[in-house]
Amino acid sequence: MAISERGMRLLRGCARALLYSLQTLLALQLVLYLLFKGFEREHFLQALPAQIEPAGLILIDGMSDFREGCGVAVWRLSEATAASVQQHGFGYLQLAQQARGYAESYYSYGPWQATPLAEAQSMDGWLPLGCADAPEALQEQIMRGAQGMQGYYSEKREGVLLVLPRERLIVFAYDG
Amino acid sequence: MSRFATGLQGAFLGLNAAYLLTLLLGVWLRGWPLNPYFAGVALLGLGLQRLTWPLLLPSRRGCYRATALAVGLLVLLAWGLYGYL
């Protein structure tokens with residue numbers, strides 16, 4: 001049975017509509033994902049105390065379900081902050097008690113302590129870092145710093161902020 | 001294809017191609033991590049451009065290229081700011 005000219009036009013129109021809808025759906029997903037990545041980056045930046053200045057993002061990665069999650073945000077530590085921490089140690093860090101962008105107590109940091117970080121001493125690794133798909137070299141660098149004696153960390157509810165001036169890294173780890 | 005639809009097709013091309021380029025550049029430079037699902041979405045989106053290319057009017061291909069370039073540069077700028085700002 002031959003399809004009439006009108007039928008062919010209708011068929012072509014439907015195929016094009018399907019194609020454009022699929023393209024729009026794919027593009028929308030990608031745009032929303034990129035917007036989410038921007039929001040996520042800003043969220044982790046705002047969770048850092050103002051005294052701890054990053055100089056670029058290295059990695060944000062983790063695993064999450066509907067409510068809970070674990071992972072890390074790793075930033076390069078700025079030269080100025082690294083120098084201040086190395087020079088003044090706790091004297092400088094004791095000012096860094098609250099996230100720059102959040103006033104809630106959830107984003108308050110506890111007293112600063114010197115590494116080694118007890119949680120990172122386990123043979124199974126450090127859980128938040130295990131949740132992230134971080135390059136091996138970066139993982140080794142973080143673990144070396146967390147287990148070494150030249151870094152500092154502060155705990156908050158469901159998170160740890162690790163400052164490693166020698167490695168020039170800031171590691172914000174969350175679990176919960 | 002209307003001028004608006006042509007521009008939109010260019011935007012799709014710029015978005016998908018630039019996103020895939022950032023993943024490639026991510027091998028050497030800082031940026032968002034590789035997400036296999038969205039890499040697939042971008043690849044499929046780019047593949048579908050082959051089907052829409054013949055539908056573009058030759059006189060509007062300039063508009064297609066211009067929007068592709070503009071959106072692509074926007075994605076590359078966002079990627080640069082993401083890793084380095």
# chains A, B, ... in the order shown; residues from 1 in each chain; ligands from 1
$ residues_around --residues "Phe4 (chain B)" --least-positions-apart "6" --cutoff "12 Å" --atoms "only C-alpha atoms" --output "PyMOL selection string"
chain B and resi 10-11+56+60+63-64+67
$ interface_residues --of "chain B" --to "chain A" --cutoff "7 Å" --atoms "only C-alpha atoms" --output "list in words"
Phe12, Arg30, Phe38, Val41, Gly45, Gly83, Tyr84 and Leu85 of chain B
$ residues_around --residues "Leu138 (chain A)" --least-positions-apart "6" --cutoff "12 Å" --atoms "only C-alpha atoms" --output "list in words"
Ile58, Leu59, Val72, Ala73, Val74, Trp75, Arg76, Leu129, Ala132, Arg144, Gly145, Glu167, Arg168, Leu169, Ile170 and Val171 of chain A
$ write_last_selection --atoms "C-alpha atoms" --output "mmCIF file, in the first residue's frame"
data_model
loop_
_atom_site.group_PDB
_atom_site.id
_atom_site.type_symbol
_atom_site.label_atom_id
_atom_site.label_comp_id
_atom_site.auth_asym_id
_atom_site.auth_seq_id
_atom_site.Cartn_x
_atom_site.Cartn_y
_atom_site.Cartn_z
ATOM 1 C CA ILE A 58 41.246 20.130 42.244
ATOM 2 C CA LEU A 59 38.376 17.709 42.750
ATOM 3 C CA VAL A 72 35.696 15.053 49.381
ATOM 4 C CA ALA A 73 36.260 18.520 47.976
ATOM 5 C CA VAL A 74 39.967 19.102 47.376
ATOM 6 C CA TRP A 75 41.326 22.589 46.756
ATOM 7 C CA ARG A 76 44.792 23.926 46.141
ATOM 8 C CA LEU A 129 38.331 9.564 50.283
ATOM 9 C CA ALA A 132 35.535 9.696 45.784
ATOM 10 C CA ARG A 144 50.588 11.133 53.332
ATOM 11 C CA GLY A 145 49.565 14.554 54.637
ATOM 12 C CA GLU A 167 51.266 19.581 50.161
ATOM 13 C CA ARG A 168 49.458 22.899 49.499
ATOM 14 C CA LEU A 169 46.077 21.169 49.825
ATOM 15 C CA ILE A 170 42.745 21.823 51.508
ATOM 16 C CA VAL A 171 40.618 18.704 51.920
#
$ select_by_dssp --residues "region 17-172 of chain A" --states "strand (DSSP E or B)" --output "ChimeraX atom specification"
/A:49,54-64,69-77,98-99,108,113-114,152-156,159-164,169-172
$ write_last_selection --atoms "N, CA and C atoms" --output "short mmCIF file (atom, residue, chain, number, x, y, z; two decimals), in the first residue's frame"
data_model
loop_
_atom_site.label_atom_id
_atom_site.label_comp_id
_atom_site.auth_asym_id
_atom_site.auth_seq_id
_atom_site.Cartn_x
_atom_site.Cartn_y
_atom_site.Cartn_z
N PRO A 49 36.23 28.15 55.96
CA PRO A 49 36.37 29.40 56.70
C PRO A 49 37.10 30.45 55.85
N PRO A 54 41.44 29.20 49.16
CA PRO A 54 41.85 28.26 48.11
C PRO A 54 42.40 28.99 46.89
N ALA A 55 43.19 28.27 46.12
CA ALA A 55 43.72 28.84 44.87
C ALA A 55 43.37 27.90 43.73
N GLY A 56 42.11 27.56 43.62
CA GLY A 56 41.67 26.67 42.53
C GLY A 56 41.20 25.33 43.06
N LEU A 57 40.24 24.80 42.34
CA LEU A 57 39.64 23.53 42.74
C LEU A 57 40.37 22.37 42.07
N ILE A 58 40.61 21.31 42.84
CA ILE A 58 41.25 20.13 42.24
C ILE A 58 40.20 19.06 41.96
N LEU A 59 39.34 18.81 42.93
CA LEU A 59 38.38 17.71 42.75
C LEU A 59 37.20 17.85 43.71
N ILE A 60 36.02 17.61 43.21
CA ILE A 60 34.86 17.40 44.07
C ILE A 60 34.25 16.09 43.60
N ASP A 61 34.20 15.13 44.49
CA ASP A 61 33.62 13.85 44.08
C ASP A 61 33.16 13.09 45.31
N GLY A 62 32.19 12.25 45.14
CA GLY A 62 31.68 11.45 46.24
C GLY A 62 30.53 10.59 45.80
N MET A 63 29.88 9.99 46.78
CA MET A 63 28.71 9.15 46.50
C MET A 63 27.58 9.65 47.38
N SER A 64 26.39 9.60 46.87
CA SER A 64 25.28 10.02 47.71
C SER A 64 24.00 9.31 47.30
N GLY A 69 25.44 11.05 52.25
CA GLY A 69 26.48 10.96 51.23
C GLY A 69 27.85 11.04 51.87
N CYS A 70 28.87 10.73 51.11
CA CYS A 70 30.24 10.89 51.59
C CYS A 70 31.11 11.24 50.39
N GLY A 71 32.19 11.93 50.67
CA GLY A 71 33.08 12.33 49.59
C GLY A 71 34.03 13.41 50.03
N VAL A 72 34.72 14.00 49.08
CA VAL A 72 35.70 15.05 49.38
C VAL A 72 35.61 16.20 48.37
N ALA A 73 36.00 17.37 48.86
CA ALA A 73 36.26 18.52 47.98
C ALA A 73 37.71 18.89 48.24
N VAL A 74 38.54 18.82 47.22
CA VAL A 74 39.97 19.10 47.38
C VAL A 74 40.32 20.38 46.63
N TRP A 75 40.93 21.31 47.34
CA TRP A 75 41.33 22.59 46.76
C TRP A 75 42.82 22.74 46.87
N ARG A 76 43.39 23.54 45.98
CA ARG A 76 44.79 23.93 46.14
C ARG A 76 44.82 25.04 47.18
N LEU A 77 45.71 24.95 48.16
CA LEU A 77 45.82 25.97 49.21
C LEU A 77 46.61 27.16 48.66
N GLN A 98 34.40 29.16 61.50
CA GLN A 98 33.06 29.20 60.91
C GLN A 98 33.17 29.28 59.39
N ALA A 99 32.29 28.55 58.72
CA ALA A 99 32.27 28.61 57.26
C ALA A 99 32.00 30.03 56.79
N SER A 108 29.98 25.07 61.84
CA SER A 108 31.01 25.53 62.79
C SER A 108 32.05 24.45 62.92
N GLN A 113 43.49 20.80 65.38
CA GLN A 113 44.46 19.85 65.94
C GLN A 113 45.51 19.53 64.88
N ALA A 114 46.64 19.06 65.37
CA ALA A 114 47.71 18.70 64.43
C ALA A 114 47.48 17.28 63.92
N TYR A 152 47.10 20.13 59.66
CA TYR A 152 46.15 20.49 60.72
C TYR A 152 44.76 20.05 60.28
N TYR A 153 43.93 19.74 61.27
CA TYR A 153 42.55 19.42 60.92
C TYR A 153 41.58 19.91 61.98
N SER A 154 40.36 20.10 61.55
CA SER A 154 39.30 20.51 62.45
C SER A 154 38.06 19.74 62.07
N GLU A 155 37.33 19.29 63.09
CA GLU A 155 36.14 18.49 62.79
C GLU A 155 34.88 19.34 62.93
N LYS A 156 33.92 19.05 62.11
CA LYS A 156 32.59 19.63 62.23
C LYS A 156 31.59 18.49 62.20
N GLY A 159 31.77 16.04 59.18
CA GLY A 159 32.82 16.45 58.26
C GLY A 159 34.14 16.76 58.95
N VAL A 160 35.19 16.79 58.15
CA VAL A 160 36.53 17.14 58.62
C VAL A 160 37.16 18.08 57.60
N LEU A 161 37.81 19.10 58.11
CA LEU A 161 38.55 20.01 57.22
C LEU A 161 40.03 19.82 57.50
N LEU A 162 40.75 19.45 56.46
CA LEU A 162 42.17 19.14 56.61
C LEU A 162 42.96 20.19 55.83
N VAL A 163 43.93 20.80 56.51
CA VAL A 163 44.78 21.79 55.83
C VAL A 163 46.21 21.26 55.83
N LEU A 164 46.73 21.09 54.63
CA LEU A 164 48.08 20.52 54.50
C LEU A 164 48.99 21.54 53.81
N LEU A 169 47.41 21.70 50.08
CA LEU A 169 46.08 21.17 49.83
C LEU A 169 45.10 21.53 50.94
N ILE A 170 43.85 21.72 50.55
CA ILE A 170 42.74 21.82 51.51
C ILE A 170 41.83 20.65 51.17
N VAL A 171 41.51 19.85 52.17
CA VAL A 171 40.62 18.70 51.92
C VAL A 171 39.40 18.84 52.84
N PHE A 172 38.26 19.02 52.23
CA PHE A 172 37.02 19.05 53.00
C PHE A 172 36.37 17.68 52.77
#
